[in-house]
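Asks: Have a look at the structure that comes next, please.
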4 protein chains.
Amino acid sequence: MIKAGIIGATGYAGNELVRLLMGHKEVEIKWYGSRSYIDQKYAEVYQNMFEIVDDVCMDDNMEALAEQVDVIFTATPQGFLAGVLNEGLLEKTKIIDLSADFRIKDVAVYEKWYKIEHKSPQFIGEAVYGLCEVNRDKVKNARLVANPGCYTTCSILTAYPLVKEGLIDPDTLIIDAKSGTSGAGRGAKLPNLFCEVNENMKAYGVTSHRHTPEIEEQLGYAAGRPVVVNFTPHLVPMNRGILATEYATLTKKADGSLPSYEEIKAAYDKYYAKEKFVRVLPKDACPETKWVEGSNYVDIGFKIDERTGRIVMMGALDNLVKGAAGQAVQNMNLLFGFDEAEGLCLVPMFP
Amino acid sequence: MIKAGIIGATGYAGNELVRLLMGHKEVEIKWYGSRSYIDQKYAEVYQNMFEIVDDVCMDDNMEALAEQVDVIFTATPQGFLAGVLNEGLLEKTKIIDLSADFRIKDVAVYEKWYKIEHKSPQFIGEAVYGLCEVNRDKVKNARLVANPGCYTTCSILTAYPLVKEGLIDPDTLIIDAKSGTSGAGRGAKLPNLFCEVNENMKAYGVTSHRHTPEIEEQLGYAAGRPVVVNFTPHLVPMNRGILATEYATLTKKADGSLPSYEEIKAAYDKYYAKEKFVRVLPKDACPETKWVEGSNYVDIGFKIDERTGRIVMMGALDNLVKGAAGQAVQNMNLLFGFDEAEGLCLVPMFP
Amino acid sequence: MIKAGIIGATGYAGNELVRLLMGHKEVEIKWYGSRSYIDQKYAEVYQNMFEIVDDVCMDDNMEALAEQVDVIFTATPQGFLAGVLNEGLLEKTKIIDLSADFRIKDVAVYEKWYKIEHKSPQFIGEAVYGLCEVNRDKVKNARLVANPGCYTTCSILTAYPLVKEGLIDPDTLIIDAKSGTSGAGRGAKLPNLFCEVNENMKAYGVTSHRHTPEIEEQLGYAAGRPVVVNFTPHLVPMNRGILATEYATLTKKADGSLPSYEEIKAAYDKYYAKEKFVRVLPKDACPETKWVEGSNYVDIGFKIDERTGRIVMMGALDNLVKGAAGQAVQNMNLLFGFDEAEGLCLVPMFP
Amino acid sequence: MIKAGIIGATGYAGNELVRLLMGHKEVEIKWYGSRSYIDQKYAEVYQNMFEIVDDVCMDDNMEALAEQVDVIFTATPQGFLAGVLNEGLLEKTKIIDLSADFRIKDVAVYEKWYKIEHKSPQFIGEAVYGLCEVNRDKVKNARLVANPGCYTTCSILTAYPLVKEGLIDPDTLIIDAKSGTSGAGRGAKLPNLFCEVNENMKAYGVTSHRHTPEIEEQLGYAAGRPVVVNFTPHLVPMNRGILATEYATLTKKADGSLPSYEEIKAAYDKYYAKEKFVRVLPKDACPETKWVEGSNYVDIGFKIDERTGRIVMMGALDNLVKGAAGQAVQNMNLLFGFDEAEGLCLVPMFP
């Protein structure tokens with residue numbers, strides 16, 4: 001039984017972490033950190049936790065917290081962890097950071113896209129990008145895990161095998177992603193009001209969304225060379241779920257023909273057949289966000305377009321689970337040698 | 001480890017039963033009955049179950065099924081179980097019926113409201129009304145459990161302690177209930193289309209909804225005399241959740257004053273303080289369906305109105321869990337002597 | 001052609017006023033007042049108005065505005081108009097106030113429920129409560145119209161004929177109202193975020209909502225004596241629409257029998273048969289908010305419950321049209337002698 | 001004053017036609033054709049029309065209808081009009097067909113994508129593709145107008161100026177489109193149930209949607225050569241609205257640089273500056289479906305991505321107005337020499 005602390009426990013991702021850790025046999029939450037609600041009962045902020053969580057919210061004192069727990073989850077705004085991290089903390093506790101602070105290896109790229117100075121560049125090298133299916137072995141020995149973004153987890157896993165196997169030209173990759181509104185967080189902002197989102201659909205952050213360089217860096221590793229993509233997020237009137245529709249030109253074979261369905265399928269199976277949380281759907285089935293809601297699954301489907309020589313890949317996940325808290329727990333399981341699926345055997349809820 | 005069969009496994013309640021039983025340590029599902037999808041893979045009908053359930057759908061042959069399992073859940077239309085039930089079946093297996101066939105003791109009342117002839121009136125007496133918090137002991141020894149309706153579970157539990165303790169006049173009881181659309185089932189009917197329900201709100205079944213006599217019968221037992229109520233259901237543009245807002249005139253005390261908050265609260269606590277799945281909220285907190293979504297909880301709140309001498313009681317539950325599949329599992333736990341909460345420790349999912 | 005100014009033009013009701021006045025032949029908007037967006041283009045705040053409205057937002061200087069226009073709509077928070085009103089203003093321009101400042105004749109009641117001091121009680125007597133169907137003649141000669149609240153318009157019109165004709169006992173009246181979220185305004189508040197409202201249903205303001213005394217005062221006039229009711233508002237995950245479900249005990253006739261369907265229908269027809277914007281639905285039809293969306297209609301239906309001796313009345317309207325901006329335009333039409341339906345012949349939009 | 005008949009008046013597009021024609025000064029509806037609801041009151045099928053439309057539904061007898069009206073709208077399934085069309089009909093009345101029967105000039109392409117035999121190929125040549133902004137002059141003299149599809153109107157208008165001016169390479173065009181659910185029609189089908197659509201997002205018809213050849217044919221005319229595109233539709237949990245996000249590689253200028261924002265903007269302005277119903281948004285503004293809801297507008301925005309050399313174009317419209325009934329009315333206005341905007345000056349409704 002290990003002890004865990006959460007900084008940012010009253011955001012949507014923080015609340016989801018609490019939900020998941022409540023069902024985890026090996027963890028006990030000792031600290032519900034929330035600067036906004038200090039000393040208030042957690043179950044007053046999240047009434048779903050009434051009679052489940054009795055604790056009050058604590059501050060975000062990482063030094064004090066590190067003395068008490070084996071792992072800290074930071075579900076905090078950009079810059080928080082980079083602003084307080086030090087060697088002493090990492091000697092006392094493991095840290096799983098749900099923010100973007102340590103996801104990008106190139107600090108100049110980070111600072112350009114996030115428009116803030118990185119306060120702890122010395123730890124970037126050590127941080128492991130916690131995309132479990134790709135970096136499993138590295139995560140096991142990490143002290144600091146950079147938990148991937150929601151869009152990025154979906155975007156990367158959907159294309160990864162085909163990039164890695166050279167079946168598509170990564171320079172042609174276009175990612176059109178659609179997200180539920182919980183991805184925008186619990187801040188009281190006009191664009192996130194019910195009446196602004198409901199019965200509405202829009203793109204945002206066009207050509208400038210911060211998850212772009214994260215996707216490019218990781219797919220660049222898979223491709224073996226730098227990759228530049230178009231990534232366009234959209235806001236959808238639903239609470240949870242991300243659907244990424246991805247387009248790329250297929251690499252022709254020596255005889256000029258396109259790869260077959262079976263060849264593409266084999267590439268996906270090579271990487272995912274043994275992965276519990278990645279489900280490559282049967283031929284012609286399309287992922288739907290509702291079919292993974294509440295679970296840690298990523299569902300993937302694809303369709304070859306002979307007419308244009310392109311492939312349309314589709315991936316779906318729950319942005320708060322596999323896209324945030326679920327993957328964080330999966331990383332924790334790897335860090336501490338628990339069964340990787342412990343606490344994550346969640347059957348998707350439908351409808 | 002017991003074996004279970006489900007008839008009607010491809011309805012929404014059936015699918016929810018599968019979700020819950022997948023997380024139950026003591027049960028194995030042996031039969032996914034679905035007349036509409038015989039021989040089709042269950043996970044093709046419900047893609048959330050891909051790589052979780054490998055079985056194909058079976059027919060609704062209760063005789064064959066009874067040979068193989070310890071318990072049968074019938075999540076079927078009205079009249080199905082009454083049409084096939086016989087002594088032999090009950091000797092071989094326990095049955096938990098999610099339909100209304102055996103909920104109402106007075107067969108004439110059943111036939112009047114449901115407008116069908118009851119084919120097995122001889123088993124009505126034996127059937128136990130499976131409202132666990134009220135009939136726990138009777139359920140333990142039953143062979144046939146009539147699992148309560150979704151509206152009724154919410155409506156009854158919200159008012160039960162006050163009726164039982166004589167704190168309200170049951171003849172003044174008005175129940176205004178609002179339900180998500182999954183309660184209407186998965187049938188392809190025009191009124192349940194997205195565009196007909198979304199951005200819309202309506203009452204239906206006004207003065208004639210079939211859950212009315214079920215509520216009246218059970219509250220009549222609590223009151224010690226026949227009770228007649230107004231029950232009005234409404235359709236709400238959401239998937240899950242029932243909210244019942246109930247109005248009744250408070251019984252004045254000998255000195256002509258109204259019962260105090262503390263007295264009302266004490267009545268609720270008398271019946272529910274030890275109940276795991278009934279949460280009586282703190283003073284002034286109102287139940288919201290989202291706070292119980294995906295869980296087996298019923299949340300209850302109330303407010304005394306000194307001006308009118310009435311009390312406003314509010315109850316919220318997830319119609320597919322405590323209102324259907326969750327309560328069915330709770331009944332199964334009672335029937336087989338399992339921990340009553342086994343498989344049901346589900347933290348509500350928010351948002 | 002008259003000139004109009006709007007204070008509070010960037011709230012949802014203000015924007016709806018702009019939409020309606022754009023289609024009105026006799027009015028030109030000269031002033032888009034919005035303290036929050038001064039000097040910003042109106043069409044940047046409301047992109048639906050791009051290439052339709054070219055003006056920039058102005059301040060809320062009523063004195064300056066009164067010099068320029070024939071009518072001012074104040075779609076402002078409680079207390080604004082009462083804080084600035086004076087005789088000089090009313091000599092220069094007519095005012096239609098969409099706030100509650102002048103709706104309630106008893107200033108003590110206003111101050112008790114709204115918890116603010118009324119700054120202009122001297123104008124309360126003169127103000128006409130702008131429920132057109134009830135106060136049409138008084139409105140025609142008014143200088144100051146108190147435009148009714150959204151819940152109140154729906155609640156009162158649904159019950160009015162039966163109260164007026166003594167067909168129900170007003171002391172038994174219980175109003176269970178459900179509203180779309182635009183009624184909560186465009187303020188960036190946590191409870192109005194998409195993820196908090198979507199897939200959720202709750203009551204709020206139980207026994208304490210400010211529309212209660214407004215309903216009671218108006219129904220009191222109809223009853224000829226003070227009336228006290230239970231009014232419970234609920235928040236529904238939709239943008240627009242209010243549905244009021246109202247319960248009351250029917251007055252028995254001399255022979256002890258209940259009024260018949262025809263007698264009730266006749267009472268509704270007596271008051272509404274000639275009303276363009278009140279539609280009493282055919283027998284057994286229930287109002288649905290979607291059927292009136294975008295229009296100035298109130299749809300009304302009812303059902304007698306012989307078992308309980310009560311009637312269930314239902315009314316539906318679009319809270320931003322008949323519940324706010326539409327009724328304000330209807331009042332303006334009365335004030336200036338235009339066709340009462342000018343600008344309001346809006347066919348409800350479905351779906 | 002002309003007379004109009006509608007075949008398919010009880011579909012969503014048919015009902016929208018009724019809504020729009022009710023506000024049109026020059027048209028009277030004489031025939032509400034609906035095979036499913038013959039002899040039933042139209043206002044019973046669409047309760048929004050209560051006290052607005054008194055007529056009963058008629059059959060789909062085009063011969064009888066043609067004797068009575070000046071224009072027929074066929075809002076019918078594929079194949080209906082092609083199955084009954086003849087020279088005699090076109091001599092008596094003008095026809096605006098909202099189905100796909102006469103949209104595609106190449107009958108082989110039609111039969112391949114629609115998988116039905118075309119019964120009236122002899123009229124394909126004469127039919128005018130009713131995309132008003134592109135084919136205005138041709139429409140004016142037509143007898144038979146093929147009203148464009150909802151996705152196609154949005155997809156084509158968003159890219160048209162850039163294809164026409166050679167600013168993008170049409171072979172690189174990828175159209176990722178998202179639609180509200182009313183586009184799926186009012187048929188009672190499982191995938192369109194509220195609980196299947198709500199809180200869900202999916203692609204469908206991937207590489208095979210029937211609007212693809214329609215888009216390709218029209219953009220081929222603009223490009224001056226055949227064009228093949230990727231078009232992927234998605235279902236969004238909202239009633240109305242289509243958002244098309246389109247990606248294409250910009251044509252480099254002689255010096256190897258990309259076209260500037262101003263050059264792209266100038267191309268859009270060249271074609272749309274005088275178009276009442278196409279709004280090219282200010283720099284950096286993104287279209288949102290809600291900002292055009294209920295109106296005949298198409299809103300267009302774009303963003304150049306210097307990093308990838310691509311442009312991201314976005315277009316939004318209301319699928320039932322500009323994507324169906326509104327454009328049909330616009331075509332009718334052209335056919336009969338009315339003001340092109342008559343009946344279509346609809347301010348978008350927000351929220």
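Order determines the names: the first chain of the structure tokens is A, the second B, and so forth; residues in each chain are numbered 1 upward, and ligands are numbered 1 upward as they are shown.
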Quick one: residues within 9 Å of His209 in chain B, only C-alpha atoms counted, chain neighbours fewer than 5 positions away excluded, as a compact mmCIF listing (two decimals) with N, CA, C and O atoms, in the first residue's frame?
Replies:
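Result went into part-v8.txt, see below:
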# COMPACT_ATOMS: atom_id res chain seq x y z
N TRP B 113 -53.68 -1.04 -15.15
CA TRP B 113 -52.68 -0.05 -15.54
C TRP B 113 -51.83 -0.53 -16.72
O TRP B 113 -51.40 0.27 -17.54
N TYR B 204 -45.03 13.52 -19.79
CA TYR B 204 -45.72 12.48 -20.56
C TYR B 204 -46.42 11.55 -19.57
O TYR B 204 -46.11 11.57 -18.38
N PHE B 231 -48.42 11.50 -9.79
CA PHE B 231 -47.06 11.21 -10.25
C PHE B 231 -46.98 11.65 -11.71
O PHE B 231 -47.75 11.20 -12.55
N THR B 232 -46.07 12.57 -11.99
CA THR B 232 -45.91 13.06 -13.36
C THR B 232 -44.47 12.91 -13.82
O THR B 232 -43.57 13.58 -13.31
N PRO B 233 -44.23 12.03 -14.77
CA PRO B 233 -42.87 11.88 -15.30
C PRO B 233 -42.60 12.88 -16.42
O PRO B 233 -43.52 13.31 -17.12
Asks: Specify as a PyMOL selection string all residues of chain C found within 9 Å of chain D, counting only C-alpha atoms.
Replies: chain C and resi 12+15-16+19-20+22-23+46-52+182+199+239-240+276+279+281+287-288+290-294+345-351
Asks: Compile the contact shell of Ala108 in chain C as JSON, numbers by chain: residues with an atom at most 12 Å away, counting only C-alpha atoms, same-chain residues fewer than 2 positions apart removed.
Replies: {"C": [104, 105, 106, 110, 111, 112, 113, 114, 115, 116, 117, 118, 121, 124, 213]}
Asks: To one decimal in Å, tell me the separation between CA of Ile6 in chain B and CA of Asp39 in chain B.
Replies: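 Separating CA of Ile6 in chain B from CA of Asp39 in chain B is a distance of 15.0 Å.
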Asks: Quick one: residues within 12 Å of Val163 in chain D, only C-alpha atoms, excluding same-chain residues fewer than 5 positions away - as a PyMOL selection string?
Replies: chain D and resi 155-158+168-173+216+218-227+248-251+264+267-268+271+313
Asks: Near range 85-100 of chain C, counting only C-alpha atoms, which residues have an atom at most 6 Å away, once you skip same-chain residues fewer than 3 positions from it, shown as a list in words?
Replies: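 My reading of the contact set: Ala66, Asp70, Val71, Ile72, Phe73, Thr74, Ala75, Thr76, Gln78, Leu81, Ala82, Arg103, Arg143, Leu144, Val145, Ala146 and Asn147 of chain C.
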Asks: To one decimal place in Å, what is the distance between CA of Phe194 in chain B and CA of Val197 in chain D?
Replies: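 The value is 6.6 Å.
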Asks: Using DSSP on the backbone coordinates, identify all residues within range 78-160 of chain D classified as strand (DSSP E); present the result as number ranges by chain.
Replies: D: 94-97, 128-129, 144-146
Asks: Might you pull out every residue within 7 Å of Gly183 in chain D, with only C-alpha atoms counted and same-chain residues fewer than 3 positions away left off, and present them as a list in words?
Replies: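 Here the qualifying residues turn out to be Ser179, Gly180 and Asn319 of chain D.
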Asks: Quick one: everything within 10 Å of Cys154 in chain D, counting only C-alpha atoms, minus sequence neighbours fewer than 2 positions away in the same chain. Send it as an MDAnalysis selection string.
Replies: chainID D and resid 148:152 156:159 177 215 242:245 298:300 314:319 322:323
Asks: In Å to one decimal, how far is CA of Ile38 in chain C from CA of Ala324 in chain C?
Replies: 23.5 Å
Asks: List every residue of range 94-160 of chain D that DSSP, applied to the backbone of this structure, places in helix (DSSP H, G or I), and write the result as a tab-separated table (two decimals) with N, CA and C atoms, in the first residue's frame.
Replies:
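Dumped to out_25.tsv:
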chain	number	residue	atom	x	y	z
D	107	VAL	N	-24.20	10.21	-65.02
D	107	VAL	CA	-25.16	9.26	-64.46
D	107	VAL	C	-24.47	8.00	-63.93
D	108	ALA	N	-23.35	7.63	-64.52
D	108	ALA	CA	-22.63	6.46	-64.02
D	108	ALA	C	-22.09	6.71	-62.62
D	109	VAL	N	-21.60	7.91	-62.40
D	109	VAL	CA	-21.12	8.26	-61.06
D	109	VAL	C	-22.28	8.23	-60.07
D	110	TYR	N	-23.41	8.79	-60.46
D	110	TYR	CA	-24.59	8.77	-59.60
D	110	TYR	C	-24.95	7.34	-59.22
D	111	GLU	N	-25.03	6.48	-60.24
D	111	GLU	CA	-25.49	5.11	-59.99
D	111	GLU	C	-24.48	4.32	-59.16
D	112	LYS	N	-23.21	4.64	-59.31
D	112	LYS	CA	-22.19	3.93	-58.55
D	112	LYS	C	-22.27	4.30	-57.06
D	113	TRP	N	-22.38	5.61	-56.79
D	113	TRP	CA	-22.36	6.04	-55.39
D	113	TRP	C	-23.71	5.82	-54.71
D	114	TYR	N	-24.80	5.97	-55.48
D	114	TYR	CA	-26.11	5.84	-54.85
D	114	TYR	C	-26.68	4.42	-54.94
D	121	PRO	N	-32.62	9.77	-66.77
D	121	PRO	CA	-31.34	10.40	-67.15
D	121	PRO	C	-31.52	11.51	-68.18
D	122	GLN	N	-32.62	11.45	-68.94
D	122	GLN	CA	-32.81	12.47	-69.99
D	122	GLN	C	-32.98	13.88	-69.45
D	123	PHE	N	-33.26	14.01	-68.15
D	123	PHE	CA	-33.44	15.36	-67.59
D	123	PHE	C	-32.20	15.87	-66.86
D	132	CYS	N	-26.53	28.79	-55.46
D	132	CYS	CA	-26.90	30.12	-55.96
D	132	CYS	C	-25.69	31.01	-56.21
D	133	GLU	N	-24.75	31.01	-55.30
D	133	GLU	CA	-23.62	31.93	-55.41
D	133	GLU	C	-22.75	31.59	-56.63
D	134	VAL	N	-22.82	30.38	-57.10
D	134	VAL	CA	-21.99	29.96	-58.24
D	134	VAL	C	-22.79	29.94	-59.54
D	135	ASN	N	-24.02	29.49	-59.46
D	135	ASN	CA	-24.83	29.28	-60.67
D	135	ASN	C	-26.04	30.19	-60.77
D	136	ARG	N	-25.95	31.37	-60.19
D	136	ARG	CA	-27.11	32.26	-60.11
D	136	ARG	C	-27.80	32.46	-61.47
D	137	ASP	N	-27.04	32.78	-62.47
D	137	ASP	CA	-27.67	33.10	-63.75
D	137	ASP	C	-28.35	31.89	-64.39
D	138	LYS	N	-27.73	30.76	-64.25
D	138	LYS	CA	-28.34	29.55	-64.81
D	138	LYS	C	-29.64	29.21	-64.10
D	139	VAL	N	-29.66	29.41	-62.80
D	139	VAL	CA	-30.86	29.07	-62.04
D	139	VAL	C	-32.06	29.89	-62.53
D	140	LYS	N	-31.79	31.16	-62.82
D	140	LYS	CA	-32.90	32.06	-63.17
D	140	LYS	C	-33.78	31.54	-64.30
D	150	CYS	N	-26.37	19.32	-48.08
D	150	CYS	CA	-25.97	20.17	-46.95
D	150	CYS	C	-24.46	20.20	-46.80
D	151	TYR	N	-23.85	19.01	-46.75
D	151	TYR	CA	-22.40	18.96	-46.65
D	151	TYR	C	-21.74	19.62	-47.85
D	152	THR	N	-22.32	19.39	-49.03
D	152	THR	CA	-21.67	19.90	-50.24
D	152	THR	C	-21.72	21.41	-50.30
D	153	THR	N	-22.85	22.00	-49.95
D	153	THR	CA	-22.93	23.46	-49.95
D	153	THR	C	-21.82	24.04	-49.09
D	154	CYS	N	-21.68	23.49	-47.91
D	154	CYS	CA	-20.68	24.00	-46.97
D	154	CYS	C	-19.27	23.73	-47.49
D	155	SER	N	-19.05	22.52	-47.96
D	155	SER	CA	-17.70	22.14	-48.38
D	155	SER	C	-17.25	22.93	-49.60
D	156	ILE	N	-18.16	23.07	-50.57
D	156	ILE	CA	-17.79	23.75	-51.81
D	156	ILE	C	-17.57	25.24	-51.57
D	157	LEU	N	-18.53	25.90	-50.93
D	157	LEU	CA	-18.41	27.35	-50.77
D	157	LEU	C	-17.17	27.73	-49.97
D	158	THR	N	-16.77	26.86	-49.05
D	158	THR	CA	-15.61	27.18	-48.22
D	158	THR	C	-14.31	27.18	-49.03
D	159	ALA	N	-14.24	26.32	-50.03
D	159	ALA	CA	-12.99	26.21	-50.80
D	159	ALA	C	-13.05	26.86	-52.18
D	160	TYR	N	-14.24	27.14	-52.65
D	160	TYR	CA	-14.44	27.54	-54.04
D	160	TYR	C	-13.51	28.64	-54.56
Asks: Restricting the calculation to only C-alpha atoms: of B:Ala328, B:Glu28, B:Tyr37, B:Pro237, which residue gets closest to Glu196 in chain B?
Replies: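 Closest candidate: B:Pro237.
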